[in-house]
Structures are given as structure tokens and as C-alpha cells.
file my_file_10.tsv (TSV, C-alpha atoms)
chain	number	residue	atom	x	y	z
A	1	MET	CA	117.62	76.10	47.42
A	2	ASP	CA	117.35	73.95	50.55
A	3	SER	CA	116.55	75.76	53.72
A	4	ASN	CA	119.66	74.33	55.36
A	5	SER	CA	122.05	75.07	52.50
A	6	VAL	CA	124.82	77.55	53.18
A	7	VAL	CA	125.59	80.54	51.01
A	8	SER	CA	129.18	81.65	51.41
A	9	TRP	CA	129.93	85.35	51.20
A	10	PRO	CA	133.39	86.89	51.10
A	11	ARG	CA	134.62	87.33	54.64
A	12	MET	CA	134.48	90.91	55.81
A	13	PRO	CA	137.49	92.29	57.65
A	14	GLU	CA	136.99	92.46	61.43
A	15	ASN	CA	136.86	96.24	61.41
A	16	MET	CA	133.82	96.17	59.12
A	17	ASP	CA	131.53	95.15	61.98
A	18	GLY	CA	130.46	98.70	62.71
A	19	PHE	CA	128.90	99.10	59.28
A	20	GLY	CA	126.07	96.66	59.90
A	21	PHE	CA	126.42	95.37	56.33
A	22	SER	CA	124.18	92.49	55.42
A	23	PRO	CA	125.17	90.69	52.22
A	24	GLU	CA	121.58	89.92	51.28
A	25	GLN	CA	120.82	91.33	47.86
A	26	SER	CA	117.66	93.32	48.35
A	27	GLU	CA	115.77	95.32	45.77
A	28	GLU	CA	115.89	98.24	48.17
A	29	VAL	CA	117.99	101.16	46.95
A	30	HIS	CA	121.20	101.31	48.98
A	31	VAL	CA	122.92	104.66	49.49
A	32	LEU	CA	126.32	105.22	51.07
A	33	ALA	CA	126.38	108.64	52.76
A	34	VAL	CA	129.72	110.20	53.74
A	35	ASP	CA	129.97	113.27	55.98
A	36	ASP	CA	132.20	114.20	58.92
A	37	SER	CA	129.36	116.19	60.51
A	38	LEU	CA	127.09	114.09	62.72
A	39	VAL	CA	124.24	116.59	62.27
A	40	ASP	CA	124.45	116.32	58.48
A	41	ARG	CA	124.78	112.53	58.55
A	42	LYS	CA	121.63	112.30	60.64
A	43	LEU	CA	119.80	114.71	58.32
A	44	VAL	CA	120.87	113.02	55.06
A	45	GLU	CA	120.10	109.59	56.51
A	46	ARG	CA	116.58	110.66	57.44
A	47	LEU	CA	115.97	112.36	54.07
A	48	LEU	CA	116.98	109.18	52.26
A	49	LYS	CA	114.95	106.94	54.55
A	50	VAL	CA	111.87	109.04	53.80
A	51	LEU	CA	112.39	107.94	50.19
A	52	ALA	CA	112.57	104.29	51.34
A	53	CYS	CA	116.32	103.95	50.80
A	54	LYS	CA	118.62	101.73	52.82
A	55	VAL	CA	121.37	103.99	54.15
A	56	THR	CA	124.90	103.31	55.36
A	57	ALA	CA	126.39	106.46	56.88
A	58	VAL	CA	130.13	106.85	57.51
A	59	ASP	CA	132.17	109.78	58.80
A	60	SER	CA	135.13	109.95	56.40
A	61	GLY	CA	136.50	109.12	52.97
A	62	PRO	CA	138.75	106.31	54.24
A	63	ARG	CA	135.78	104.74	56.08
A	64	ALA	CA	133.77	104.88	52.84
A	65	LEU	CA	136.61	103.20	50.92
A	66	GLN	CA	136.89	100.61	53.68
A	67	PHE	CA	133.18	99.86	53.38
A	68	LEU	CA	133.50	99.54	49.60
A	69	GLY	CA	136.58	97.35	49.95
A	70	LEU	CA	138.76	99.86	48.12
A	71	LEU	CA	141.43	100.57	50.72
A	72	ASP	CA	144.90	99.55	49.50
A	73	GLU	CA	145.41	96.98	52.25
A	74	GLN	CA	142.06	95.37	51.42
A	75	LYS	CA	142.97	94.64	47.81
A	76	ILE	CA	142.75	90.97	46.99
A	77	PRO	CA	144.33	89.16	44.03
A	78	SER	CA	141.01	88.87	42.18
A	79	GLU	CA	140.00	91.33	39.47
A	80	THR	CA	137.49	93.15	41.64
A	81	ASN	CA	138.48	95.65	44.26
A	82	GLY	CA	135.13	95.80	46.03
A	83	PHE	CA	133.28	93.09	47.89
A	84	VAL	CA	131.39	90.64	45.72
A	85	GLY	CA	127.68	91.11	46.28
A	86	LEU	CA	128.02	94.55	47.88
A	87	LYS	CA	125.21	96.56	46.32
A	88	VAL	CA	125.58	100.34	46.46
A	89	ASP	CA	123.28	102.26	44.14
A	90	LEU	CA	124.45	105.77	45.01
A	91	ILE	CA	127.22	107.45	46.97
A	92	ILE	CA	126.58	110.89	48.43
A	93	THR	CA	129.53	112.65	50.00
A	94	ASP	CA	130.41	115.96	51.58
A	95	TYR	CA	133.14	117.90	49.77
A	96	CYS	CA	135.01	119.44	52.68
A	97	MET	CA	136.18	116.75	55.11
A	98	PRO	CA	139.43	116.45	57.07
A	99	GLY	CA	141.95	113.90	55.81
A	100	MET	CA	140.33	113.07	52.50
A	101	THR	CA	138.07	115.49	50.64
A	102	GLY	CA	134.95	114.43	48.79
A	103	TYR	CA	136.77	115.19	45.54
A	104	GLU	CA	139.59	112.78	46.45
A	105	LEU	CA	137.03	110.14	47.41
A	106	LEU	CA	135.24	110.66	44.09
A	107	LYS	CA	138.52	110.12	42.20
A	108	LYS	CA	139.22	106.89	44.09
A	109	ILE	CA	135.72	105.59	43.35
A	110	LYS	CA	135.96	106.46	39.66
A	111	GLU	CA	139.37	104.71	39.47
A	112	SER	CA	137.91	101.46	40.80
A	113	SER	CA	136.64	98.82	38.40
A	114	THR	CA	133.76	97.81	40.68
A	115	PHE	CA	132.20	101.15	41.57
A	116	LYS	CA	133.17	103.45	38.69
A	117	GLU	CA	129.60	103.22	37.32
A	118	THR	CA	128.04	104.01	40.70
A	119	PRO	CA	126.64	107.56	40.69
A	120	VAL	CA	128.41	109.91	43.09
A	121	VAL	CA	126.79	113.12	44.32
A	122	ILE	CA	128.82	115.82	46.06
A	123	MET	CA	127.40	118.05	48.80
A	124	SER	CA	129.01	121.32	49.84
A	125	SER	CA	128.10	124.28	52.01
A	126	GLU	CA	129.81	126.56	49.50
A	127	ASN	CA	128.67	127.23	45.97
A	128	VAL	CA	132.12	127.61	44.39
A	129	LEU	CA	131.92	127.19	40.61
A	130	PRO	CA	135.51	125.97	39.96
A	131	ARG	CA	134.96	123.33	42.65
A	132	ILE	CA	131.69	122.27	41.05
A	133	ASP	CA	133.30	122.08	37.59
A	134	ARG	CA	136.16	119.97	38.92
A	135	CYS	CA	133.79	117.48	40.55
A	136	LEU	CA	131.59	117.17	37.47
A	137	GLU	CA	134.64	116.74	35.22
A	138	GLU	CA	135.82	113.94	37.49
A	139	GLY	CA	132.50	112.15	37.01
A	140	ALA	CA	130.20	113.40	39.78
A	141	GLU	CA	126.54	113.04	38.90
A	142	ASP	CA	125.38	116.17	40.70
A	143	PHE	CA	126.44	118.84	43.18
A	144	ILE	CA	124.10	119.81	46.01
A	145	VAL	CA	124.51	123.02	47.98
A	146	LYS	CA	123.89	122.48	51.69
A	147	PRO	CA	121.69	122.52	53.67
A	148	VAL	CA	120.24	119.47	51.95
A	149	LYS	CA	116.49	119.57	51.43
A	150	LEU	CA	113.91	116.94	50.56
A	151	SER	CA	113.61	118.39	47.04
A	152	ASP	CA	117.35	117.77	46.50
A	153	VAL	CA	117.12	114.16	47.61
A	154	LYS	CA	114.01	113.50	45.51
A	155	ARG	CA	116.04	114.54	42.49
A	156	LEU	CA	118.67	111.92	43.36
A	157	LYS	CA	116.14	109.16	42.73
A	158	ASP	CA	116.78	109.67	39.00
A	159	TYR	CA	120.38	108.49	39.39
A	160	MET	CA	119.51	105.35	41.30
A	161	THR	CA	118.80	103.31	38.20
A	162	THR	CA	119.89	99.79	37.36
A	163	LYS	CA	123.24	99.14	35.68
A	164	GLU	CA	121.58	98.30	32.34
A	165	VAL	CA	119.63	101.55	32.18
A	166	ARG	CA	122.68	103.48	33.31
A	167	GLY	CA	124.76	101.86	30.58
A	168	GLU	CA	122.27	102.79	27.87
A	169	SER	CA	122.15	106.42	28.87
A	170	GLN	CA	125.88	106.81	29.43
A	171	ASP	CA	126.68	108.50	26.10
A	172	ARG	CA	123.78	110.88	26.35
A	173	GLU	CA	124.74	111.70	29.93
A	174	GLY	CA	128.31	112.40	28.86
A	175	ILE	CA	127.07	114.97	26.37
A	176	ASN	CA	124.95	116.58	29.07
A	177	LYS	CA	127.93	116.85	31.37
A	178	ARG	CA	130.10	118.36	28.64
A	179	LYS	CA	127.35	120.80	27.74
A	180	LEU	CA	127.02	121.66	31.41
A	181	LEU	CA	130.73	122.30	31.74
A	182	ASP	CA	130.79	124.54	28.67
A	183	THR	CA	127.91	126.57	30.04
A	184	SER	CA	129.45	126.81	33.49
A	185	ASP	CA	132.67	128.16	31.99
A	186	ILE	CA	130.65	131.05	30.60
A	187	VAL	CA	128.91	131.55	33.94
A	188	SER	CA	132.24	131.44	35.79
A	189	SER	CA	133.67	134.24	33.72
A	190	SER	CA	130.66	136.50	34.05
A	191	SER	CA	129.85	135.99	37.72
A	192	PRO	CA	131.80	135.99	40.98
A	193	PRO	CA	133.44	132.63	41.75
A	194	SER	CA	131.47	132.09	44.92
A	195	VAL	CA	127.91	132.71	46.01
A	196	SER	CA	127.49	132.93	49.76
A	197	SER	CA	125.34	130.13	51.11
A	198	SER	CA	123.32	132.62	53.15
A	199	THR	CA	121.77	134.00	50.00
A	200	LEU	CA	121.06	130.49	48.81
A	201	SER	CA	119.54	129.12	51.97
A	202	SER	CA	117.03	131.92	52.23
A	203	SER	CA	115.71	131.32	48.73
A	204	PRO	CA	112.76	128.97	48.38
A	205	SER	CA	113.41	127.61	44.90
A	206	VAL	CA	115.51	124.58	44.05
A	207	ILE	CA	116.57	126.28	40.82
A	208	ASP	CA	118.21	129.19	42.64
A	209	SER	CA	121.62	127.54	42.77
A	210	PRO	CA	123.56	128.15	39.52
A	211	ILE	CA	124.60	124.52	39.30
A	212	ARG	CA	121.04	123.32	39.62
A	213	ARG	CA	119.89	125.80	37.02
A	214	LEU	CA	122.63	124.63	34.63
A	215	LYS	CA	121.92	120.99	35.34
A	216	MET	CA	118.28	121.51	34.51
A	217	THR	CA	118.89	123.43	31.31
A	218	SER	CA	121.47	120.94	30.12
A	219	ALA	CA	119.08	118.06	30.69
A	220	ASP	CA	116.35	119.62	28.55
B	1	MET	CA	90.10	121.37	76.05
B	2	ASP	CA	90.35	125.17	76.10
B	3	GLY	CA	93.68	124.78	77.88
B	4	ILE	CA	95.10	122.70	75.03
B	5	VAL	CA	93.85	125.17	72.41
B	6	GLN	CA	95.48	127.99	74.35
B	7	LEU	CA	98.79	126.10	74.57
B	8	GLN	CA	98.63	125.37	70.85
B	9	ARG	CA	98.01	129.03	70.06
B	10	GLN	CA	100.94	130.04	72.28
B	11	LEU	CA	103.17	127.56	70.48
B	12	VAL	CA	102.13	128.84	67.04
B	13	ASP	CA	102.79	132.45	68.11
B	14	TYR	CA	106.11	131.57	69.72
B	15	THR	CA	107.29	129.63	66.66
B	16	ALA	CA	106.28	132.51	64.40
B	17	SER	CA	108.31	134.91	66.56
B	18	LEU	CA	111.42	132.74	66.15
B	19	PHE	CA	111.11	133.03	62.38
B	20	ASN	CA	110.21	136.73	62.46
B	21	GLU	CA	113.23	137.53	64.63
B	22	ALA	CA	115.44	135.43	62.29
B	23	PHE	CA	116.48	132.94	64.97
B	24	LEU	CA	115.27	130.22	62.59
B	25	ASP	CA	114.87	129.94	58.83
B	26	ASP	CA	113.09	127.60	56.41
B	27	GLN	CA	115.56	124.77	57.04
B	28	PHE	CA	113.96	124.30	60.47
B	29	ASN	CA	110.62	123.76	58.68
B	30	GLN	CA	112.37	121.15	56.55
B	31	LEU	CA	113.40	119.28	59.71
B	32	GLN	CA	109.84	119.39	61.03
B	33	GLN	CA	108.55	117.92	57.77
B	34	LEU	CA	110.83	114.91	58.30
B	35	GLN	CA	109.22	114.14	61.65
B	36	ASP	CA	106.36	111.63	61.64
B	37	GLU	CA	104.84	108.79	63.69
B	38	SER	CA	107.76	106.52	62.84
B	39	ASN	CA	110.24	109.23	63.86
B	40	PRO	CA	108.48	111.42	66.44
B	41	ASP	CA	111.65	112.80	68.05
B	42	PHE	CA	113.64	113.57	64.92
B	43	VAL	CA	113.82	117.36	65.39
B	44	VAL	CA	114.81	117.11	69.06
B	45	GLU	CA	117.46	114.50	68.20
B	46	VAL	CA	119.04	116.58	65.42
B	47	VAL	CA	118.92	119.79	67.43
B	48	THR	CA	120.46	118.01	70.45
B	49	LEU	CA	123.30	116.82	68.21
B	50	PHE	CA	123.72	120.43	67.07
B	51	PHE	CA	123.91	121.62	70.70
B	52	GLU	CA	126.60	119.04	71.51
B	53	ASP	CA	128.56	119.85	68.35
B	54	ALA	CA	128.29	123.61	68.86
B	55	GLU	CA	129.43	123.44	72.48
B	56	ARG	CA	132.43	121.30	71.55
B	57	LEU	CA	133.36	123.72	68.74
B	58	LEU	CA	132.89	126.83	70.90
B	59	ASN	CA	135.22	125.31	73.52
B	60	GLU	CA	137.79	124.53	70.82
B	61	LEU	CA	137.50	128.07	69.45
B	62	THR	CA	137.91	129.62	72.90
B	63	LYS	CA	141.07	127.55	73.40
B	64	ALA	CA	142.46	128.25	69.93
B	65	LEU	CA	141.91	132.01	70.21
B	66	GLY	CA	143.48	132.05	73.68
B	67	GLN	CA	146.85	130.87	72.35
B	68	PRO	CA	149.75	133.36	72.11
B	69	SER	CA	150.19	132.37	68.45
B	70	ILE	CA	146.83	131.79	66.76
B	71	ASP	CA	146.45	129.04	64.16
B	72	PHE	CA	143.90	130.76	61.91
B	73	LYS	CA	143.57	127.73	59.67
B	74	ARG	CA	142.45	125.65	62.65
B	75	VAL	CA	140.09	128.39	63.86
B	76	ASP	CA	138.58	128.64	60.38
B	77	ALA	CA	138.06	124.85	60.24
B	78	HIS	CA	136.09	124.96	63.51
B	79	VAL	CA	134.00	127.93	62.35
B	80	HIS	CA	133.34	126.16	59.04
B	81	GLN	CA	131.94	123.17	60.96
B	82	LEU	CA	129.76	125.38	63.15
B	83	LYS	CA	128.55	127.28	60.09
B	84	GLY	CA	127.57	123.99	58.44
B	85	SER	CA	125.69	122.49	61.37
B	86	SER	CA	123.88	125.75	62.21
B	87	SER	CA	122.79	126.02	58.58
B	88	SER	CA	121.56	122.41	58.58
B	89	ILE	CA	119.20	122.97	61.51
B	90	GLY	CA	118.16	126.46	60.39
B	91	ALA	CA	119.85	128.47	63.17
B	92	GLN	CA	120.03	131.53	60.94
B	93	ARG	CA	121.59	134.07	63.29
B	94	VAL	CA	124.38	131.70	64.37
B	95	HIS	CA	125.02	130.94	60.70
B	96	ARG	CA	125.27	134.65	59.83
B	97	VAL	CA	127.82	135.33	62.57
B	98	CYS	CA	129.86	132.35	61.33
B	99	ILE	CA	130.10	133.96	57.88
B	100	SER	CA	131.49	137.14	59.45
B	101	PHE	CA	133.77	135.04	61.68
B	102	ARG	CA	135.28	133.27	58.65
B	103	ASN	CA	135.99	136.63	57.01
B	104	SER	CA	137.92	137.67	60.14
B	105	CYS	CA	139.87	134.38	59.95
B	106	GLU	CA	140.72	135.02	56.31
B	107	GLU	CA	142.00	138.49	57.20
B	108	GLN	CA	143.82	137.01	60.24
B	109	ASN	CA	142.13	139.70	62.29
B	110	VAL	CA	142.56	138.68	65.95
B	111	GLU	CA	140.30	141.41	67.30
B	112	GLY	CA	137.61	140.57	64.74
B	113	CYS	CA	137.83	136.87	65.60
B	114	LEU	CA	137.50	137.53	69.34
B	115	LYS	CA	134.55	139.83	68.73
B	116	ASN	CA	132.87	137.23	66.51
B	117	LEU	CA	133.53	134.50	69.07
B	118	GLN	CA	131.65	136.49	71.72
B	119	GLN	CA	128.85	137.18	69.26
B	120	VAL	CA	128.51	133.56	68.15
B	121	LYS	CA	128.46	132.42	71.80
B	122	HIS	CA	125.72	134.95	72.49
B	123	GLU	CA	123.63	133.96	69.46
B	124	TYR	CA	124.10	130.28	70.23
B	125	SER	CA	122.95	130.64	73.84
B	126	LEU	CA	119.90	132.60	72.65
B	127	VAL	CA	118.83	130.05	70.03
B	128	LYS	CA	119.49	127.18	72.44
B	129	SER	CA	117.27	128.77	75.06
B	130	LYS	CA	114.55	129.53	72.47
B	131	LEU	CA	114.56	125.99	71.06
B	132	GLU	CA	114.48	124.43	74.53
B	133	THR	CA	111.43	126.58	75.31
B	134	LEU	CA	109.83	125.51	72.02
B	135	PHE	CA	110.38	121.81	72.81
B	136	ARG	CA	109.05	122.30	76.35
B	137	MET	CA	105.86	123.87	74.96
B	138	GLU	CA	105.44	120.94	72.57
B	139	GLN	CA	105.86	118.49	75.46
B	140	GLN	CA	103.22	120.34	77.50
B	141	ILE	CA	100.72	120.02	74.66
B	142	LEU	CA	101.44	116.30	74.22
B	143	ALA	CA	101.25	115.69	77.97
B	144	ALA	CA	97.84	117.38	78.02
B	145	GLY	CA	96.65	114.99	75.30
B	146	GLY	CA	96.80	117.46	72.42
B	147	SER	CA	98.64	117.36	69.12
B	148	VAL	CA	101.43	119.69	68.08
B	149	PRO	CA	100.21	122.05	65.33
B	150	ARG	CA	102.43	122.18	62.24
call {"tool": "encode", "arguments": {"input": "my_file_10.tsv", "output": "C-alpha cells"}}
result
Amino acid sequence: MDSNSVVSWPRMPENMDGFGFSPEQSEEVHVLAVDDSLVDRKLVERLLKVLACKVTAVDSGPRALQFLGLLDEQKIPSETNGFVGLKVDLIITDYCMPGMTGYELLKKIKESSTFKETPVVIMSSENVLPRIDRCLEEGAEDFIVKPVKLSDVKRLKDYMTTKEVRGESQDREGINKRKLLDTSDIVSSSSPPSVSSSTLSSSPSVIDSPIRRLKMTSAD
Amino acid sequence: MDGIVQLQRQLVDYTASLFNEAFLDDQFNQLQQLQDESNPDFVVEVVTLFFEDAERLLNELTKALGQPSIDFKRVDAHVHQLKGSSSSIGAQRVHRVCISFRNSCEEQNVEGCLKNLQQVKHEYSLVKSKLETLFRMEQQILAAGGSVPR
């Protein structure tokens, strides 16, 4: 390509300026982080940058949808809802946010034709099993109990695969999720619905959260 | 040189006391691990954000609990936010009071909420003072040409 040739990208709406989105397709893993807490956004952003990820952090579900081009008023007549050339390898979102919860955001993403294959990870400060089940049933890749640690984020690297690899493993992954849900139903009935996060945060092991334990056993 | 070693020893002892007295938990260690040459002020930046967030939320809580008719849902939302940010920086004692505070909200216990508000304000001011001292000690070591022991 000539050095003076022009590549045209779809025009971003004016209110997208704050996102600092560059349409260049880089090989760098791009993560969209969604959290209404500035402290948690800063923490998650740093954790991901340690793993050499490019991070876009937004403070709400609607802002995330706006960035992805999935807000109703942004819909264009073409088949795709999202922006052409917008590369997002993973979306990590808080569950409890004002206005739109992480679960509602997850549903919107999974309904879209462009980003339905993009892995979505939910973070929550509460380890509530019915909530976890609901998110996994809706297509969430994982559920992390806050506070987020480096070990949690390292695990996310597994989900940041290319579309082709993700496509190949889709059936197998579906079985894992179903198996996980079956197991968690048993756990739900035999244990209290919620584990206080104080007991979790004091424990050193990553496997101490029931969901992580289930996720690991189901993947074996 | 002896002066730097002494400052470093004081810092190590002081940090240990913050963990022993449960002001901080392992999450604070996690923050420190994320600090490096490319991001030398990460911990101070995150903790400063926590201070700003906590002070805003404590003001909101004071206002909300001063109303003749208390909106417990709103109070709980503020406490939930404070619980989350205190947990993320490892402010263990603030986090613990927030758990108790949320229970009072659930029970719509005005007296319990007011008691917890005073307690969370107290724990917050303590941890703020302790962390500011910790950061000051680190700055002294760096100013003297030493490195902060981890």
C-alpha cells in the first residue's frame, strides 16, 4: 500500500472521542473493562496491562454498548451492529452497577451478531450461587469474586483466543458449562446461597471460591 | 547508610504492624506487586482514589441517615460501594464494618446504621492516617537515596 493512500474507517459518533479508540488492527489483546467503581477500574486496568493487554475502561453498561456500537440509536442499516474493525478480545464487567447490571450487559452482548462470540467475564463482590448460575447460563465465560487478583487475570488469558480456535472448542466448552451448571445445582442445594466475601478475601488459594473450584473440576 | 537501613527497618516493622492489627490484608500486597519502574506510584494513586471515593460516600451516608425518612436502599447502595473499594485496596477493618453496616440496612435498623456509620468513619480515619504515614516513610527512604523494601 502506498504511504499516501487513505484507509477509510467507519466514522465514530462524536461522543466516542473519550474512548481513545484507534482503528488500527493490532495483534495486542484488547480488553474492554466495565466497572462503575474508579478504584476497581484502575486496579483491573493495571492487572491487565501487566499481562500486556490493551485496555479500554468504561464506567457503565451503556458506555460499554456505546463503545461496541450496540446502542439502539447507533444501529446502522448494515448487518453488523458493532463497528467494522473494532477488535475486542474479551469483555470483563462488574455485576452490580447502577442503571444496567453486568448481567443485562452480558445479555445485550450475547444478543448481538458481532460480539456474541466475544468472551465475557463477570466480576462481583458477592459469591451468590444463583447469580453465578444465571450468568453462566447466559453465556458468561467465568465469574470472578472481587477483589480481583493477578491469579484471576492470568486465568483470563485462556479465553483470549482467536475466533478460529474459539469456534473449534465451542461444543466442548458448551458441555463444560452444562456440566458446571449441573454440579452447581447440587452445591446450591447443599450449601448456603451466599458466602461472605470476607471469608473469601482472607483465603490465599484461588480455588477457595466455589465457582472457581467447579470451573476447574469441570474443565478436567 | 546506617540511617537508610534504620528507616527501612522501621518501614518493615510498621507495615507488619498494619497487617498484624488487621488494618490491611493480602489485597494490599497484591497492589504492591503491581507497582514497578514503569508504574512507581500505582499504590499511592489507587489508595488516593479510595480516599476520595470513601470521603464522598461517607458524606452521602451522613446526609442520607440524617433524613427524617431514611431511604435504606440508597444507604445500602453507598455502603456496598464503600465495601467494594475498601476490599479492593485491602482496608480490612473498613470492609468488616461495611458488612455489619449492610446487615443493619437489611434489617432497616436506624440505630444500628448510625452506630455503624460512626464506626466506619472511625476505621476509615485510622487506616487513612496509617497509610499516609506508610507513604511518608517510603518517601523518606527514597529521598535519602534508598530503596523501599518489599
call {"tool": "interface_residues", "arguments": {"input": "my_file_10.tsv", "of": "chain B", "to": "chain A", "cutoff": "9 Å", "atoms": "all atoms listed in the file", "output": "ChimeraX atom specification"}}
result
/B:25-27,30-31,34,42,45-47,49-50,53,80-81,83-85,87-90,92,95-96,99
call {"tool": "closest_residue", "arguments": {"input": "my_file_10.tsv", "among": "A:Leu68, A:Leu90, A:Val58, A:Met123", "to": "A:His30", "atoms": "all atoms listed in the file"}}
result
A:Leu90
call {"tool": "atom_distance", "arguments": {"input": "my_file_10.tsv", "atom1": "atom CA of A:Val55", "atom2": "atom CA of A:Val128"}}
result
27.7 Å
call {"tool": "residues_near_point", "arguments": {"input": "my_file_10.tsv", "point": "(109.9, 129.3, 69.9)", "cutoff": "7 Å", "atoms": "all atoms listed in the file", "output": "PDB file with C-alpha atoms, in the frame of the given file"}}
result
ATOM      1  CA  LEU B  11     103.170 127.560  70.480  1.00  0.00           C
ATOM      2  CA  TYR B  14     106.110 131.570  69.720  1.00  0.00           C
ATOM      3  CA  THR B  15     107.290 129.630  66.660  1.00  0.00           C
ATOM      4  CA  SER B  17     108.310 134.910  66.560  1.00  0.00           C
ATOM      5  CA  LEU B  18     111.420 132.740  66.150  1.00  0.00           C
ATOM      6  CA  LYS B 130     114.550 129.530  72.470  1.00  0.00           C
ATOM      7  CA  LEU B 131     114.560 125.990  71.060  1.00  0.00           C
ATOM      8  CA  THR B 133     111.430 126.580  75.310  1.00  0.00           C
ATOM      9  CA  LEU B 134     109.830 125.510  72.020  1.00  0.00           C
TER      10      LEU B 134
END
call {"tool": "atom_distance", "arguments": {"input": "my_file_10.tsv", "atom1": "atom CA of A:Cys135", "atom2": "atom CA of A:Val31"}}
result
19.0 Å
call {"tool": "residues_around", "arguments": {"input": "my_file_10.tsv", "residues": "A:Ile132", "least_positions_apart": "5", "cutoff": "9 Å", "atoms": "all atoms listed in the file", "output": "PyMOL selection string"}}
result
chain A and resi 122+127+137+142-143+211
call {"tool": "atom_distance", "arguments": {"input": "my_file_10.tsv", "atom1": "atom CA of B:Cys105", "atom2": "atom CA of B:Asp76"}}
result
5.9 Å
call {"tool": "closest_residue", "arguments": {"input": "my_file_10.tsv", "among": "B:Ala144, B:Leu7, B:Val120, B:Leu114", "to": "B:Gly66", "atoms": "all atoms listed in the file"}}
result
B:Leu114
call {"tool": "closest_residue", "arguments": {"input": "my_file_10.tsv", "among": "B:Glu52, B:Lys73, B:Leu58, B:Ser86", "to": "B:Gln119", "atoms": "all atoms listed in the file"}}
result
B:Leu58
call {"tool": "closest_atom_pairs", "arguments": {"input": "my_file_10.tsv", "of": "stretch 17-59 of chain B", "to": "stretch 139-143 of chain B", "cutoff": "12 Å", "atoms": "all atoms listed in the file", "output": "JSON lines"}}
result
{"residue": "B:Pro40", "atom": "CA", "partner": "B:Leu142", "partner_atom": "CA", "distance": 11.6}
{"residue": "B:Asp41", "atom": "CA", "partner": "B:Gln139", "partner_atom": "CA", "distance": 11.0}
{"residue": "B:Val44", "atom": "CA", "partner": "B:Gln139", "partner_atom": "CA", "distance": 11.1}
call {"tool": "residues_around", "arguments": {"input": "my_file_10.tsv", "residues": "A:Leu51", "least_positions_apart": "5", "cutoff": "9 Å", "atoms": "only C-alpha atoms", "output": "list of chain:residue names"}}
result
A:Arg46, A:Val153, A:Lys154, A:Lys157
call {"tool": "residues_near_point", "arguments": {"input": "my_file_10.tsv", "point": "(135.2, 118.1, 38.9)", "cutoff": "12 Å", "atoms": "all atoms listed in the file", "output": "PyMOL selection string"}}
result
chain A and resi 95+102-107+110+120-122+128-143+177-178+180-181+184
call {"tool": "residues_around", "arguments": {"input": "my_file_10.tsv", "residues": "B:Gly146", "least_positions_apart": "5", "cutoff": "12 Å", "atoms": "all atoms listed in the file", "output": "list in words"}}
result
Met1, Asp2, Gly3, Ile4, Val5, Gln6, Leu7, Gln8, Arg9, Met137, Glu138, Gln139, Gln140 and Ile141 of chain B
call {"tool": "axis_aligned_box", "arguments": {"input": "my_file_10.tsv", "around": "stretch 62-66 of chain A", "padding_each_side": "8 Å", "output": "JSON"}}
result
{"center_x": 136.3, "center_y": 103.5, "center_z": 53.5, "size_x": 21.0, "size_y": 21.7, "size_z": 21.2}
